[in-house]
Amino acid sequence: MSQQHRPRRFTGRSGTARAAAGWAVVAAAATVLTTGCTAAVNDDVRRAWLPPESEGATTTTALSQNLWVGSWIAALVVGVITWGLIIYAIVRFRRRRGEAGLPPQLRYNVPVEMLFTVMPLFMVGVLFYFTARDQHILEERYDDPAVQIEVVGKRWAWDFNYLTADGQPDVYDTGIMAAQTEDGLDFDAPDTIPTLYLPVDTQIELTLSARDVIHDFYVPAFSYKKDVIPGRTNYMSVTPTKEGTFIGRCAELCGEGHSRMIFKVAVVSQADYQAHLEQLRALGQTGELSPEIGPAHSTPAEEQVQGGVDQQEDEQGEDAGGQTNPEGANG
Ligand SMILES: [Cu+2]
């Protein structure tokens with residue numbers, strides 16, 4: 001290297017001053033970032049932007065969230081090191097005035113290649129370990145769940161079959177897809193959006209199946225979702241620990257009504273849960289809406305949806321006071 005290729009920036013007095021000014025800007029930005037955040041933002045950061053209602057919602061949300069947040073931290077650490085090395089290489093080895101041609105090329109460097117092989121393996125190994133460990137806990141089915149409910153996905157809503165203690169059909173509830181209003185989805189339409197009632201602090205097993213195509217049962221507050229597949233039974237074991245009403249969605253694109261395939265989960269006390277079952281019984285909704293009855297009979301709702309919104313409202317008006325027991329719903 002000849003004299004003219006010597007770095008210019010970090011030698012003379014002006015270079016030192018410029019470096020100092022640069023660090024001052026970095027320090028100022030860091031101060032703004034760390035002190036400028038409100039408590040709410042810090043909460044969001046701590047949860048890695050998972051929904052606030054998820055906090056303490058079930059016995060396993062903390063597990064899922066820690067895995068999620070931990071993965072983000074690991075990814076950020078790797079990202080910062082990688083970005084730092086890239087920027088360092090760009091600055092340190094940039095072409096300087098008067099230079100021409102290629103710089104010396106590095107190849108067959110065994111230590112570097114070992115590093116580039118071992119490091120990614122190590123990182124994937126760490127992520128795999130924590131994921132496998134937590135998934136094992138999350139997916140373990142309860143030996144003796146106190147409550148069993150069949151969840152049946154259909155285009156574009158959900159049916160819920162509440163089972164007796166010995167696994168026999170007891171009562172059911174059904175819904176149709178949410179109405180699209182000018183302001184978005186109507187989340188509060190009580191006669192359309194199905195609500196899954198769950199007793200709080202109780203080991204519950206949900207049996208997931210589908211009538212038609214693949215759906216996905218997703219309750220963001222529970223930090224959990226699972227595919228709902230026709231001809232296959234999936235399970236979700238959950239113990240809700242916080243009373244409240246949470247929004248649920250389908251998380252698998254299943255057709256034009258997919259975004260309107262929403263439902264609610266009401267986590268209530270034991271007494272309120274039993275009262276809800278009694279209410280369904282009083283409506284004559286005994287038995288089950290079996291997944292086997294297929295799309296043609298999937299819902300009274302589906303006909304209503306095809307008939308358009310006006311007709312849907314009419315039929316609901318007629319049905320008020322006692323919903324009809326659909327075909328295939330034999331107790
Ligand atoms: Cu769906």
# chains A, B, ... in the order shown; residues from 1 in each chain; ligands from 1
$ select_by_dssp --residues "range 107-205 of chain A" --states "helix (DSSP H, G or I)" --output "VMD selection string"
chain A and resid 110 to 138
$ write_last_selection --atoms "N, CA and C atoms" --output "PDB file, in the first residue's frame"
ATOM      1  N   VAL A 110      -9.823 -22.226   6.172  1.00  0.00           N
ATOM      2  CA  VAL A 110     -10.491 -23.250   6.983  1.00  0.00           C
ATOM      3  C   VAL A 110     -11.123 -22.676   8.261  1.00  0.00           C
ATOM      4  N   PRO A 111     -10.435 -21.843   9.030  1.00  0.00           N
ATOM      5  CA  PRO A 111     -11.091 -21.306  10.242  1.00  0.00           C
ATOM      6  C   PRO A 111     -12.382 -20.553   9.917  1.00  0.00           C
ATOM      7  N   VAL A 112     -12.359 -19.705   8.879  1.00  0.00           N
ATOM      8  CA  VAL A 112     -13.562 -18.937   8.533  1.00  0.00           C
ATOM      9  C   VAL A 112     -14.685 -19.878   8.100  1.00  0.00           C
ATOM     10  N   GLU A 113     -14.354 -20.889   7.298  1.00  0.00           N
ATOM     11  CA  GLU A 113     -15.392 -21.793   6.822  1.00  0.00           C
ATOM     12  C   GLU A 113     -15.944 -22.649   7.952  1.00  0.00           C
ATOM     13  N   MET A 114     -15.106 -23.004   8.894  1.00  0.00           N
ATOM     14  CA  MET A 114     -15.572 -23.727  10.071  1.00  0.00           C
ATOM     15  C   MET A 114     -16.570 -22.859  10.846  1.00  0.00           C
ATOM     16  N   LEU A 115     -16.180 -21.592  10.998  1.00  0.00           N
ATOM     17  CA  LEU A 115     -17.037 -20.661  11.737  1.00  0.00           C
ATOM     18  C   LEU A 115     -18.398 -20.534  11.052  1.00  0.00           C
ATOM     19  N   PHE A 116     -18.379 -20.374   9.713  1.00  0.00           N
ATOM     20  CA  PHE A 116     -19.626 -20.190   8.966  1.00  0.00           C
ATOM     21  C   PHE A 116     -20.472 -21.469   8.941  1.00  0.00           C
ATOM     22  N   THR A 117     -19.885 -22.611   9.273  1.00  0.00           N
ATOM     23  CA  THR A 117     -20.654 -23.850   9.333  1.00  0.00           C
ATOM     24  C   THR A 117     -21.177 -24.095  10.751  1.00  0.00           C
ATOM     25  N   VAL A 118     -20.300 -23.893  11.708  1.00  0.00           N
ATOM     26  CA  VAL A 118     -20.648 -24.224  13.090  1.00  0.00           C
ATOM     27  C   VAL A 118     -21.634 -23.219  13.677  1.00  0.00           C
ATOM     28  N   MET A 119     -21.414 -21.934  13.384  1.00  0.00           N
ATOM     29  CA  MET A 119     -22.279 -20.904  13.973  1.00  0.00           C
ATOM     30  C   MET A 119     -23.758 -21.078  13.603  1.00  0.00           C
ATOM     31  N   PRO A 120     -24.111 -21.208  12.300  1.00  0.00           N
ATOM     32  CA  PRO A 120     -25.528 -21.413  11.962  1.00  0.00           C
ATOM     33  C   PRO A 120     -26.095 -22.686  12.569  1.00  0.00           C
ATOM     34  N   LEU A 121     -25.291 -23.758  12.575  1.00  0.00           N
ATOM     35  CA  LEU A 121     -25.765 -25.012  13.181  1.00  0.00           C
ATOM     36  C   LEU A 121     -26.085 -24.795  14.655  1.00  0.00           C
ATOM     37  N   PHE A 122     -25.206 -24.063  15.321  1.00  0.00           N
ATOM     38  CA  PHE A 122     -25.415 -23.775  16.737  1.00  0.00           C
ATOM     39  C   PHE A 122     -26.704 -22.963  16.940  1.00  0.00           C
ATOM     40  N   MET A 123     -26.898 -21.946  16.109  1.00  0.00           N
ATOM     41  CA  MET A 123     -28.083 -21.088  16.261  1.00  0.00           C
ATOM     42  C   MET A 123     -29.367 -21.878  16.011  1.00  0.00           C
ATOM     43  N   VAL A 124     -29.373 -22.677  14.942  1.00  0.00           N
ATOM     44  CA  VAL A 124     -30.566 -23.481  14.643  1.00  0.00           C
ATOM     45  C   VAL A 124     -30.798 -24.486  15.763  1.00  0.00           C
ATOM     46  N   GLY A 125     -29.702 -25.031  16.293  1.00  0.00           N
ATOM     47  CA  GLY A 125     -29.809 -26.004  17.382  1.00  0.00           C
ATOM     48  C   GLY A 125     -30.454 -25.396  18.625  1.00  0.00           C
ATOM     49  N   VAL A 126     -30.054 -24.195  18.959  1.00  0.00           N
ATOM     50  CA  VAL A 126     -30.623 -23.526  20.141  1.00  0.00           C
ATOM     51  C   VAL A 126     -32.114 -23.264  19.939  1.00  0.00           C
ATOM     52  N   LEU A 127     -32.480 -22.720  18.761  1.00  0.00           N
ATOM     53  CA  LEU A 127     -33.897 -22.461  18.479  1.00  0.00           C
ATOM     54  C   LEU A 127     -34.691 -23.762  18.491  1.00  0.00           C
ATOM     55  N   PHE A 128     -34.102 -24.804  17.932  1.00  0.00           N
ATOM     56  CA  PHE A 128     -34.790 -26.095  17.887  1.00  0.00           C
ATOM     57  C   PHE A 128     -35.026 -26.627  19.293  1.00  0.00           C
ATOM     58  N   TYR A 129     -34.022 -26.498  20.138  1.00  0.00           N
ATOM     59  CA  TYR A 129     -34.146 -27.034  21.498  1.00  0.00           C
ATOM     60  C   TYR A 129     -35.322 -26.377  22.231  1.00  0.00           C
ATOM     61  N   PHE A 130     -35.345 -25.048  22.235  1.00  0.00           N
ATOM     62  CA  PHE A 130     -36.397 -24.359  22.985  1.00  0.00           C
ATOM     63  C   PHE A 130     -37.780 -24.593  22.351  1.00  0.00           C
ATOM     64  N   THR A 131     -37.831 -24.633  21.017  1.00  0.00           N
ATOM     65  CA  THR A 131     -39.113 -24.862  20.342  1.00  0.00           C
ATOM     66  C   THR A 131     -39.639 -26.260  20.664  1.00  0.00           C
ATOM     67  N   ALA A 132     -38.770 -27.256  20.554  1.00  0.00           N
ATOM     68  CA  ALA A 132     -39.200 -28.629  20.801  1.00  0.00           C
ATOM     69  C   ALA A 132     -39.622 -28.811  22.257  1.00  0.00           C
ATOM     70  N   ARG A 133     -38.860 -28.197  23.168  1.00  0.00           N
ATOM     71  CA  ARG A 133     -39.174 -28.317  24.591  1.00  0.00           C
ATOM     72  C   ARG A 133     -40.568 -27.737  24.885  1.00  0.00           C
ATOM     73  N   ASP A 134     -40.836 -26.528  24.378  1.00  0.00           N
ATOM     74  CA  ASP A 134     -42.117 -25.873  24.670  1.00  0.00           C
ATOM     75  C   ASP A 134     -43.269 -26.526  23.916  1.00  0.00           C
ATOM     76  N   GLN A 135     -43.014 -26.941  22.683  1.00  0.00           N
ATOM     77  CA  GLN A 135     -44.072 -27.585  21.908  1.00  0.00           C
ATOM     78  C   GLN A 135     -44.525 -28.877  22.574  1.00  0.00           C
ATOM     79  N   HIS A 136     -43.568 -29.577  23.146  1.00  0.00           N
ATOM     80  CA  HIS A 136     -43.908 -30.819  23.839  1.00  0.00           C
ATOM     81  C   HIS A 136     -44.895 -30.543  24.974  1.00  0.00           C
ATOM     82  N   ILE A 137     -44.660 -29.463  25.702  1.00  0.00           N
ATOM     83  CA  ILE A 137     -45.561 -29.109  26.804  1.00  0.00           C
ATOM     84  C   ILE A 137     -46.916 -28.644  26.258  1.00  0.00           C
ATOM     85  N   LEU A 138     -46.879 -27.797  25.227  1.00  0.00           N
ATOM     86  CA  LEU A 138     -48.117 -27.222  24.679  1.00  0.00           C
ATOM     87  C   LEU A 138     -49.017 -28.292  24.069  1.00  0.00           C
TER      88      LEU A 138
END
$ residues_near_ligand --ligand "ligand 1" --cutoff "9 Å" --atoms "only C-alpha atoms and all ligand atoms" --output "VMD selection string"
chain A and resid 153 to 158 213 to 217 228 249 to 255 257 to 262
$ write_last_selection --atoms "C-alpha atoms" --output "PDB file, in the first residue's frame"
ATOM      1  CA  GLY A 153     -64.964 -25.396  11.161  1.00  0.00           C
ATOM      2  CA  LYS A 154     -67.084 -24.765   8.094  1.00  0.00           C
ATOM      3  CA  ARG A 155     -67.219 -22.159   5.361  1.00  0.00           C
ATOM      4  CA  TRP A 156     -67.454 -19.598   6.984  1.00  0.00           C
ATOM      5  CA  ALA A 157     -68.241 -20.014  10.644  1.00  0.00           C
ATOM      6  CA  TRP A 158     -67.968 -22.479  13.482  1.00  0.00           C
ATOM      7  CA  VAL A 213     -61.901 -27.404   3.621  1.00  0.00           C
ATOM      8  CA  ILE A 214     -58.927 -26.699   5.863  1.00  0.00           C
ATOM      9  CA  HIS A 215     -59.524 -23.960   8.410  1.00  0.00           C
ATOM     10  CA  ASP A 216     -57.459 -22.908  11.394  1.00  0.00           C
ATOM     11  CA  PHE A 217     -58.766 -22.328  14.896  1.00  0.00           C
ATOM     12  CA  VAL A 228     -58.770 -27.756  11.405  1.00  0.00           C
ATOM     13  CA  ARG A 249     -60.457 -16.089  13.841  1.00  0.00           C
ATOM     14  CA  CYS A 250     -59.853 -18.558  11.080  1.00  0.00           C
ATOM     15  CA  ALA A 251     -56.139 -18.455  10.278  1.00  0.00           C
ATOM     16  CA  GLU A 252     -56.143 -20.500   7.067  1.00  0.00           C
ATOM     17  CA  LEU A 253     -57.357 -18.924   3.841  1.00  0.00           C
ATOM     18  CA  CYS A 254     -60.475 -20.970   3.155  1.00  0.00           C
ATOM     19  CA  GLY A 255     -62.455 -19.041   0.569  1.00  0.00           C
ATOM     20  CA  GLY A 257     -65.673 -15.530   3.465  1.00  0.00           C
ATOM     21  CA  HIS A 258     -62.423 -16.385   5.253  1.00  0.00           C
ATOM     22  CA  SER A 259     -61.907 -12.973   6.861  1.00  0.00           C
ATOM     23  CA  ARG A 260     -65.492 -13.023   8.101  1.00  0.00           C
ATOM     24  CA  MET A 261     -65.065 -16.424   9.777  1.00  0.00           C
ATOM     25  CA  ILE A 262     -64.743 -14.959  13.241  1.00  0.00           C
TER      26      ILE A 262
END
$ closest_residue --among "A:Pro169, A:Pro240, A:Gly248, A:Pro145" --to "Thr59 in chain A" --atoms "only C-alpha atoms"
A:Pro240
$ select_by_dssp --residues "range 105-150 of chain A" --states "strand (DSSP E)" --output "count of residues only"
4
$ closest_atom_pairs --of "range 156-239 of chain A" --to "range 50-53 of chain A" --cutoff "10 Å" --atoms "only C-alpha atoms" --output "tab-separated table"
residue	atom	partner	partner_atom	distance
A:Pro220	CA	A:Pro51	CA	7.0
A:Ala221	CA	A:Glu53	CA	5.6
A:Phe222	CA	A:Glu53	CA	8.7
A:Ser223	CA	A:Leu50	CA	8.1
$ write_last_selection --atoms "N, CA and C atoms" --output "PDB file, in the first residue's frame"
ATOM      1  N   PRO A 220     -56.164 -15.404  19.282  1.00  0.00           N
ATOM      2  CA  PRO A 220     -54.925 -14.650  19.525  1.00  0.00           C
ATOM      3  C   PRO A 220     -54.620 -14.483  21.011  1.00  0.00           C
ATOM      4  N   ALA A 221     -55.656 -14.285  21.832  1.00  0.00           N
ATOM      5  CA  ALA A 221     -55.417 -14.080  23.267  1.00  0.00           C
ATOM      6  C   ALA A 221     -54.790 -15.320  23.908  1.00  0.00           C
ATOM      7  N   PHE A 222     -55.046 -16.503  23.344  1.00  0.00           N
ATOM      8  CA  PHE A 222     -54.480 -17.732  23.905  1.00  0.00           C
ATOM      9  C   PHE A 222     -53.075 -18.004  23.361  1.00  0.00           C
ATOM     10  N   SER A 223     -52.607 -17.165  22.453  1.00  0.00           N
ATOM     11  CA  SER A 223     -51.302 -17.366  21.810  1.00  0.00           C
ATOM     12  C   SER A 223     -51.184 -18.789  21.255  1.00  0.00           C
TER      13      SER A 223
END
$ closest_residue --among "A:Arg141, A:Gln270, A:Thr241, A:Val171" --to "Ala282 in chain A" --atoms "only C-alpha atoms"
A:Val171
$ atom_distance --atom1 "CA of Ile86 in chain A" --atom2 "CA of Ile73 in chain A"
19.7 Å
